[in-house]
$ cat final-v6.csv   # CSV, C-alpha atoms and all ligand atoms
chain,number,residue,atom,x,y,z
F,1,MET,CA,73.0,126.2,-10.4
F,2,ARG,CA,70.1,128.2,-9.1
F,3,SER,CA,67.3,128.9,-11.6
F,4,VAL,CA,66.4,132.6,-11.8
F,5,LYS,CA,63.9,134.4,-13.9
F,6,GLY,CA,64.9,137.4,-16.1
F,7,PRO,CA,64.3,140.9,-15.0
F,8,PRO,CA,61.1,142.7,-15.9
F,9,ASN,CA,60.9,144.0,-19.5
F,10,ALA,CA,63.9,141.9,-20.5
F,11,GLU,CA,63.2,140.3,-23.9
F,12,ALA,CA,65.4,138.0,-25.8
F,13,CYS,CA,68.9,139.3,-25.8
F,14,VAL,CA,70.8,139.9,-29.0
F,15,TRP,CA,73.6,137.8,-27.7
F,16,GLU,CA,73.7,134.7,-25.5
F,17,PRO,CA,76.8,132.8,-24.4
F,18,LYS,CA,77.2,129.8,-26.6
F,19,SER,CA,79.3,127.9,-24.1
F,20,GLU,CA,80.8,128.2,-20.7
F,21,ALA,CA,84.0,126.6,-22.0
F,22,GLY,CA,85.9,129.8,-22.6
F,23,HIS,CA,84.9,131.3,-19.3
F,24,PHE,CA,87.3,131.2,-16.4
F,25,LYS,CA,85.9,131.3,-12.9
F,26,ALA,CA,87.3,134.1,-10.7
F,27,SER,CA,89.2,132.5,-7.9
F,28,GLY,CA,89.9,135.5,-5.7
F,29,LEU,CA,91.2,139.0,-5.8
F,30,THR,CA,94.0,138.4,-8.2
F,31,SER,CA,93.8,137.0,-11.7
F,32,ASN,CA,97.3,136.0,-12.7
F,33,SER,CA,96.0,132.8,-14.1
F,34,LYS,CA,93.7,134.7,-16.6
F,35,PRO,CA,94.3,132.9,-20.0
F,36,HIS,CA,95.3,135.8,-22.3
F,37,THR,CA,94.1,134.4,-25.6
F,38,SER,CA,90.6,133.4,-24.4
F,39,HIS,CA,90.4,136.6,-22.5
F,40,LEU,CA,90.8,138.6,-25.7
F,41,GLU,CA,88.4,136.3,-27.5
F,42,LEU,CA,85.8,136.8,-24.7
F,43,VAL,CA,86.2,140.5,-24.8
F,44,ALA,CA,85.9,140.6,-28.6
F,45,ALA,CA,82.7,138.5,-28.6
F,46,ALA,CA,81.2,140.5,-25.8
F,47,LEU,CA,82.1,143.8,-27.3
F,48,ASP,CA,80.5,142.8,-30.7
F,49,ALA,CA,77.3,141.9,-28.9
F,50,ALA,CA,77.2,144.9,-26.7
F,51,GLU,CA,77.6,147.3,-29.6
F,52,LYS,CA,74.7,145.6,-31.3
F,53,HIS,CA,72.6,146.1,-28.2
F,54,LEU,CA,73.1,149.9,-28.6
F,55,ARG,CA,71.1,149.9,-31.8
F,56,CYS,CA,67.9,149.2,-29.7
F,57,CYS,CA,69.1,149.7,-26.2
F,58,ARG,CA,67.8,147.3,-23.6
F,59,LEU,CA,70.9,147.0,-21.5
F,60,CYS,CA,68.9,147.8,-18.4
F,61,PRO,CA,65.3,147.5,-17.3
F,62,ARG,CA,64.5,151.0,-18.6
F,63,SER,CA,64.4,149.3,-22.0
F,64,CYS,CA,64.5,152.6,-23.8
F,65,ARG,CA,64.9,150.9,-27.2
F,66,VAL,CA,66.7,153.9,-28.6
F,67,ASP,CA,69.4,153.7,-31.3
F,68,ARG,CA,72.4,155.1,-29.4
F,69,VAL,CA,74.7,154.6,-32.4
F,70,ALA,CA,72.4,157.0,-34.4
F,71,GLY,CA,72.6,159.6,-31.6
F,72,GLU,CA,69.3,158.8,-29.8
F,73,ARG,CA,69.5,159.0,-26.1
F,74,GLY,CA,67.5,157.2,-23.5
F,75,TYR,CA,67.0,157.5,-19.7
F,76,CYS,CA,70.8,157.4,-19.0
F,77,GLY,CA,71.4,160.1,-21.5
F,78,LEU,CA,74.4,158.4,-23.0
F,79,ASP,CA,75.4,158.0,-26.7
F,80,ASP,CA,77.3,155.0,-27.9
F,81,LYS,CA,80.6,156.3,-26.5
F,82,ALA,CA,82.0,155.9,-23.0
F,83,HIS,CA,82.8,159.1,-21.1
F,84,CYS,CA,85.2,159.1,-18.1
F,85,PHE,CA,85.3,162.0,-15.7
F,86,ARG,CA,87.9,160.8,-13.2
F,87,GLU,CA,90.6,158.2,-12.6
F,88,MET,CA,92.4,158.0,-9.2
F,89,LEU,CA,94.1,155.8,-6.7
F,90,HIS,CA,91.6,155.4,-3.9
F,91,HIS,CA,92.4,154.3,-0.3
F,92,ALA,CA,89.0,154.0,1.2
F,93,GLU,CA,87.4,151.0,-0.6
F,94,GLU,CA,86.9,147.8,1.4
F,95,ALA,CA,90.2,146.9,3.0
F,96,GLU,CA,90.8,143.9,0.7
F,97,LEU,CA,90.4,146.1,-2.4
F,98,THR,CA,92.6,149.0,-1.2
F,99,PRO,CA,94.4,150.7,-2.8
F,100,SER,CA,92.1,150.6,-5.7
F,101,HIS,CA,92.4,152.3,-9.1
F,102,GLN,CA,89.0,153.8,-9.7
F,103,VAL,CA,87.8,154.7,-13.2
F,104,TYR,CA,84.6,156.7,-13.2
F,105,PHE,CA,82.2,156.5,-16.1
F,106,THR,CA,79.5,159.2,-16.6
F,107,GLY,CA,75.8,158.2,-16.9
F,108,CYS,CA,73.4,156.3,-14.7
F,109,ASN,CA,70.1,154.5,-15.0
F,110,LEU,CA,69.0,155.5,-11.5
F,111,ARG,CA,68.3,158.9,-10.1
F,112,CYS,CA,69.3,158.7,-6.4
F,113,GLY,CA,68.4,161.9,-4.6
F,114,HIS,CA,71.6,161.7,-2.6
F,115,CYS,CA,73.9,161.0,-5.5
F,116,THR,CA,77.3,162.7,-5.0
F,117,VAL,CA,78.2,162.8,-8.7
F,118,ALA,CA,74.8,163.8,-10.0
F,119,GLU,CA,76.1,166.4,-12.5
F,120,TRP,CA,78.0,163.8,-14.4
F,121,ASN,CA,75.1,161.4,-14.4
F,122,GLU,CA,72.4,163.8,-15.5
F,123,GLN,CA,74.6,165.5,-18.1
F,124,PRO,CA,76.9,162.6,-19.1
F,125,LEU,CA,77.9,164.1,-22.5
F,126,THR,CA,79.5,167.2,-20.9
F,127,VAL,CA,82.6,165.1,-20.4
F,128,PRO,CA,84.7,164.2,-23.4
F,129,GLU,CA,84.8,160.7,-24.8
F,130,MET,CA,87.0,158.2,-23.0
F,131,ASP,CA,90.7,158.7,-23.8
F,132,LEU,CA,91.5,155.0,-24.3
F,133,GLU,CA,95.2,155.3,-24.7
F,134,GLY,CA,95.4,157.6,-21.7
F,135,LEU,CA,93.4,155.3,-19.6
F,136,VAL,CA,95.5,152.2,-20.6
F,137,GLU,CA,98.6,154.1,-19.5
F,138,ALA,CA,96.9,155.2,-16.3
F,139,VAL,CA,96.2,151.6,-15.4
F,140,ASP,CA,99.9,150.7,-15.9
F,141,ARG,CA,100.9,153.7,-13.8
F,142,ARG,CA,98.4,153.0,-11.0
F,143,GLN,CA,99.6,149.4,-10.8
F,144,GLN,CA,103.1,150.6,-10.3
F,145,GLN,CA,101.8,152.9,-7.6
F,146,GLY,CA,100.4,149.9,-5.8
F,147,ALA,CA,96.8,149.5,-7.1
F,148,ARG,CA,95.5,146.0,-6.4
F,149,ASN,CA,92.8,146.2,-9.0
F,150,VAL,CA,91.1,148.4,-11.6
F,151,ASN,CA,87.7,149.4,-10.3
F,152,LEU,CA,85.0,150.4,-12.8
F,153,LEU,CA,82.3,152.7,-11.4
F,154,GLY,CA,80.2,155.7,-12.2
F,155,GLY,CA,77.4,156.5,-12.3
F,156,GLU,CA,76.7,153.0,-13.4
F,157,PRO,CA,79.4,151.5,-15.6
F,158,THR,CA,77.2,148.9,-17.3
F,159,VAL,CA,75.3,151.5,-19.2
F,160,SER,CA,78.7,152.2,-20.9
F,161,LEU,CA,79.2,148.5,-21.5
F,162,PRO,CA,81.0,148.8,-24.9
F,163,GLY,CA,83.4,151.3,-23.5
F,164,VAL,CA,84.0,149.2,-20.4
F,165,LEU,CA,84.7,146.1,-22.7
F,166,THR,CA,87.0,148.2,-24.9
F,167,LEU,CA,89.0,149.2,-21.9
F,168,LEU,CA,89.2,145.6,-20.6
F,169,GLY,CA,90.4,144.4,-24.0
F,170,ARG,CA,93.3,146.9,-24.0
F,171,ILE,CA,94.6,146.6,-20.4
F,172,ARG,CA,98.1,145.3,-20.6
F,173,THR,CA,98.7,144.6,-16.9
F,174,LYS,CA,97.3,141.5,-15.4
F,175,THR,CA,95.1,142.9,-12.7
F,176,ALA,CA,91.9,142.1,-10.9
F,177,VAL,CA,88.9,143.7,-12.4
F,178,VAL,CA,86.3,145.1,-10.0
F,179,LEU,CA,82.8,146.0,-11.3
F,180,ASN,CA,81.3,148.5,-8.9
F,181,SER,CA,77.6,148.4,-9.9
F,182,ASN,CA,74.1,149.4,-8.7
F,183,MET,CA,73.1,145.9,-10.1
F,184,TYR,CA,70.3,147.5,-12.2
F,185,TYR,CA,70.8,145.9,-15.5
F,186,ASN,CA,69.3,143.2,-17.7
F,187,GLU,CA,70.5,139.6,-17.7
F,188,CYS,CA,72.3,140.1,-21.0
F,189,VAL,CA,74.8,142.3,-19.2
F,190,ASP,CA,75.7,139.6,-16.8
F,191,ASN,CA,76.1,137.2,-19.7
F,192,LEU,CA,78.5,139.5,-21.5
F,193,LEU,CA,80.6,140.1,-18.4
F,194,ARG,CA,81.0,136.5,-17.4
F,195,GLY,CA,84.7,135.6,-17.3
F,196,LEU,CA,85.8,139.3,-17.5
F,197,VAL,CA,85.1,140.5,-13.9
F,198,ASP,CA,86.9,139.2,-10.9
F,199,VAL,CA,85.1,141.1,-8.1
F,200,CYS,CA,81.6,142.4,-8.2
F,201,LEU,CA,81.3,145.2,-5.7
F,202,ALA,CA,77.5,145.5,-5.6
F,203,ASP,CA,75.7,148.5,-4.1
F,204,LEU,CA,72.4,147.0,-2.9
F,205,LYS,CA,70.5,150.1,-2.1
F,206,CYS,CA,66.9,149.7,-0.9
F,207,GLY,CA,64.8,147.0,0.6
F,208,SER,CA,61.3,147.9,-0.5
F,209,ARG,CA,59.5,148.8,-3.7
F,210,GLY,CA,58.2,152.1,-2.2
F,211,CYS,CA,61.6,153.3,-1.1
F,212,ALA,CA,63.2,152.3,-4.4
F,213,ALA,CA,60.6,154.2,-6.4
F,214,ALA,CA,60.9,157.3,-4.2
F,215,LEU,CA,64.6,157.3,-3.7
F,216,LEU,CA,66.0,155.8,-6.9
F,217,ASP,CA,63.2,156.4,-9.4
F,218,ALA,CA,63.1,152.6,-10.0
F,219,GLY,CA,60.2,150.7,-8.3
F,220,ASP,CA,61.5,147.4,-9.7
F,221,TYR,CA,65.0,148.0,-8.4
F,222,VAL,CA,64.9,145.5,-5.5
F,223,GLU,CA,63.7,142.6,-7.6
F,224,VAL,CA,66.1,143.3,-10.4
F,225,ALA,CA,69.2,143.8,-8.2
F,226,ARG,CA,68.5,140.7,-6.2
F,227,ASP,CA,68.2,138.6,-9.4
F,228,ASN,CA,71.5,140.0,-10.6
F,229,LEU,CA,73.2,139.3,-7.3
F,230,ARG,CA,72.1,135.7,-7.6
F,231,ARG,CA,73.8,135.6,-11.0
F,232,ALA,CA,76.9,137.5,-10.0
F,233,VAL,CA,77.7,135.2,-7.2
F,234,GLU,CA,78.0,132.3,-9.7
F,235,HIS,CA,81.0,133.9,-11.4
F,236,THR,CA,82.6,136.6,-9.3
F,237,ASP,CA,83.9,137.2,-5.9
F,238,LEU,CA,80.8,139.1,-4.7
F,239,ILE,CA,80.9,141.8,-2.1
F,240,VAL,CA,77.5,143.3,-1.3
F,241,ARG,CA,77.7,146.9,0.0
F,242,HIS,CA,74.7,148.5,1.7
F,243,LEU,CA,74.7,152.2,2.4
F,244,ILE,CA,72.7,152.7,5.6
F,245,LEU,CA,70.0,155.3,5.0
F,246,PRO,CA,69.0,157.5,7.9
F,247,GLY,CA,65.5,156.5,9.1
F,248,HIS,CA,65.3,153.5,6.7
F,249,ALA,CA,66.0,150.7,9.2
F,250,ASP,CA,62.7,148.8,9.0
F,251,CYS,CA,62.0,149.4,5.3
F,252,CYS,CA,65.5,149.1,3.8
F,253,MET,CA,68.3,147.9,6.1
F,254,LYS,CA,66.6,145.0,7.8
F,255,PRO,CA,64.9,143.6,4.7
F,256,THR,CA,68.1,143.8,2.8
F,257,LEU,CA,70.2,142.0,5.4
F,258,GLU,CA,67.5,139.4,6.0
F,259,TRP,CA,67.3,138.7,2.3
F,260,LEU,CA,71.1,138.3,2.2
F,261,ALA,CA,71.1,136.0,5.2
F,262,ALA,CA,68.4,133.8,3.6
F,263,GLU,CA,69.6,133.8,0.0
F,264,LEU,CA,73.3,134.6,-0.1
F,265,PRO,CA,74.6,133.8,3.4
F,266,GLN,CA,78.2,133.1,2.1
F,267,VAL,CA,78.8,136.5,0.5
F,268,LYS,CA,80.9,139.3,2.1
F,269,VAL,CA,78.8,142.2,3.3
F,270,SER,CA,80.0,145.8,3.8
F,271,LEU,CA,77.9,148.2,5.7
F,272,ARG,CA,78.6,151.8,5.0
F,273,ALA,CA,77.6,154.6,7.3
F,274,ASN,CA,78.9,157.5,5.2
F,275,TYR,CA,75.6,158.8,3.8
F,276,VAL,CA,75.8,162.4,2.8
F,277,PRO,CA,72.5,164.3,2.8
F,278,PRO,CA,71.8,166.2,-0.4
F,279,ILE,CA,71.7,170.0,-0.7
F,280,GLY,CA,68.2,170.9,-1.6
F,281,ALA,CA,64.9,169.1,-0.9
F,282,ASN,CA,64.1,165.8,-2.4
F,283,ALA,CA,62.9,162.4,-1.1
F,284,ALA,CA,66.4,161.5,0.1
F,285,PRO,CA,67.0,161.7,3.9
F,286,ALA,CA,68.1,165.1,4.9
F,287,ARG,CA,70.4,164.1,7.8
F,288,TYR,CA,73.5,162.0,8.4
F,289,VAL,CA,73.4,158.5,9.9
F,290,THR,CA,73.6,158.5,13.7
F,291,SER,CA,76.2,156.3,15.4
F,292,GLN,CA,73.2,154.4,17.0
F,293,GLU,CA,71.8,153.6,13.6
F,294,ALA,CA,75.2,152.4,12.3
F,295,GLU,CA,75.7,150.3,15.4
F,296,ALA,CA,72.2,148.8,15.2
F,297,ALA,CA,72.8,147.8,11.6
F,298,VAL,CA,76.1,146.0,12.5
F,299,ARG,CA,74.4,144.3,15.4
F,300,TYR,CA,71.5,143.2,13.1
F,301,ALA,CA,74.0,141.8,10.5
F,302,ARG,CA,75.9,139.9,13.2
F,303,ASP,CA,72.8,138.4,14.7
F,304,LEU,CA,71.9,137.2,11.2
F,305,GLY,CA,75.3,135.5,10.9
F,306,LEU,CA,76.4,137.6,7.9
F,307,ARG,CA,80.1,137.9,6.9
F,308,LEU,CA,80.8,141.5,7.6
F,309,ILE,CA,83.9,143.0,6.2
F,310,GLN,CA,85.3,146.5,6.4
K,401,LIG,S1,71.3,151.7,-20.8
K,401,LIG,FE1,70.5,153.8,-21.0
K,401,LIG,S2,69.5,153.8,-23.0
K,401,LIG,FE2,69.9,151.7,-22.5
K,401,LIG,S3,68.0,150.9,-21.6
K,401,LIG,FE3,69.3,151.6,-19.9
K,401,LIG,S4,68.8,153.7,-19.5
K,401,LIG,FE4,67.9,153.2,-21.6
K,402,ZN,ZN,63.5,152.6,3.1
$ encode --input "final-v6.csv" --output "structure tokens"
Amino acid sequence: MRSVKGPPNAEACVWEPKSEAGHFKASGLTSNSKPHTSHLELVAAALDAAEKHLRCCRLCPRSCRVDRVAGERGYCGLDDKAHCFREMLHHAEEAELTPSHQVYFTGCNLRCGHCTVAEWNEQPLTVPEMDLEGLVEAVDRRQQQGARNVNLLGGEPTVSLPGVLTLLGRIRTKTAVVLNSNMYYNECVDNLLRGLVDVCLADLKCGSRGCAAALLDAGDYVEVARDNLRRAVEHTDLIVRHLILPGHADCCMKPTLEWLAAELPQVKVSLRANYVPPIGANAAPARYVTSQEAEAAVRYARDLGLRLIQ
């Protein structure tokens, strides 16, 4: 197993896994062999630890140290409840995940200038608390409609970790669990999710400290996300998605693909060219990706020998 160092600002976590014995290794995109009892035990232990974290929140590198249970709010703006603003059957995820039952959580620990759901991330409490019973029923219904998985996204779902775990503990249908994450979290989150996530659909956004600071408001993003990818590949079926940013070939696209080729050459890579420029001026690119830029990225990935998927 690769030795990795913890993300910046991460101090001793409240909870560390006592043993790997209860963890099952995800074997693919279905999880019919998931042992029910140990799954519930895993969820219960992780949920207990995650709730303790909220008393002095350091779930992500922002390390706000606020007491979310007492109503204090940090960078993500969340309290101790999960808030979901949408659930839907989606037909445009990567082909092997489609159709996918998406469950959107409000709140995020990044501030991407091109975010398409910014209102829910910047004002996460304007949406009511998660309707757990309703969501459990929705998971059943979406499975009957053909969903191949339940896909947790946001925002950033890991900032709502107790809510995510509560939902995972209540899902009755055996289904693959997809975590769609920006990968900006502390190591304790990876520890708590081990054995509970089948597919990590990771958005790896930038390739340089300067771009991450300007575009995401997180100068340490690249280092943190890469460390978390090294961990995620140990226990999930990892798909790394990279949204091609207009004008960011040399600073973001190329360094990202080169790092993947060097460090994680076996993982599946999904290049996305559907960048939507924001309304209003900020540091985010103000135009769409050209077909030449998209083709150049695919060529670059192929030349590096990466496993491209669609
Ligand atoms: S999850 Fe939210 S409150 Fe906790 S450290 Fe991150 S940004 Fe701060
Ligand atoms: Zn860049």
$ residues_around --input "final-v6.csv" --residues "Phe105 (chain F)" --least-positions-apart "3" --cutoff "6 Å" --atoms "all atoms listed in the file" --output "VMD selection string"
chain F and resid 83 to 84 154 157
$ residues_near_ligand --input "final-v6.csv" --ligand "ligand ZN 402 (chain K)" --cutoff "9 Å" --atoms "all atoms listed in the file" --output "PDB file with C-alpha atoms, in the coordinates of the input"
ATOM      1  CA  CYS F 206      66.900 149.700  -0.900  1.00  0.00           C
ATOM      2  CA  GLY F 207      64.800 147.000   0.600  1.00  0.00           C
ATOM      3  CA  SER F 208      61.300 147.900  -0.500  1.00  0.00           C
ATOM      4  CA  ARG F 209      59.500 148.800  -3.700  1.00  0.00           C
ATOM      5  CA  GLY F 210      58.200 152.100  -2.200  1.00  0.00           C
ATOM      6  CA  CYS F 211      61.600 153.300  -1.100  1.00  0.00           C
ATOM      7  CA  ALA F 212      63.200 152.300  -4.400  1.00  0.00           C
ATOM      8  CA  LEU F 215      64.600 157.300  -3.700  1.00  0.00           C
ATOM      9  CA  LEU F 245      70.000 155.300   5.000  1.00  0.00           C
ATOM     10  CA  PRO F 246      69.000 157.500   7.900  1.00  0.00           C
ATOM     11  CA  GLY F 247      65.500 156.500   9.100  1.00  0.00           C
ATOM     12  CA  HIS F 248      65.300 153.500   6.700  1.00  0.00           C
ATOM     13  CA  ALA F 249      66.000 150.700   9.200  1.00  0.00           C
ATOM     14  CA  ASP F 250      62.700 148.800   9.000  1.00  0.00           C
ATOM     15  CA  CYS F 251      62.000 149.400   5.300  1.00  0.00           C
ATOM     16  CA  CYS F 252      65.500 149.100   3.800  1.00  0.00           C
ATOM     17  CA  MET F 253      68.300 147.900   6.100  1.00  0.00           C
TER      18      MET F 253
END
$ residues_near_ligand --input "final-v6.csv" --ligand "ligand LIG 401 (chain K)" --cutoff "7 Å" --atoms "all atoms listed in the file" --output "PyMOL selection string"
chain F and resi 57-66+73-78+109+159
$ atom_distance --input "final-v6.csv" --atom1 "CA of Leu257 (chain F)" --atom2 "CA of Cys108 (chain F)"
24.9 Å
$ atom_distance --input "final-v6.csv" --atom1 "CA of Ala283 (chain F)" --atom2 "CA of Pro124 (chain F)"
22.8 Å
$ closest_atom_pairs --input "final-v6.csv" --of "region 40-153 of chain F" --to "region 264-270 of chain F" --cutoff "12 Å" --atoms "only C-alpha atoms" --output "tab-separated table"
residue	atom	partner	partner_atom	distance
F:Glu93	CA	F:Ser270	CA	10.1
F:Glu94	CA	F:Ser270	CA	7.6
F:Ala95	CA	F:Ser270	CA	10.3
F:Glu96	CA	F:Lys268	CA	11.0
$ atom_distance --input "final-v6.csv" --atom1 "CA of Leu165 (chain F)" --atom2 "CA of Ser38 (chain F)"
14.1 Å
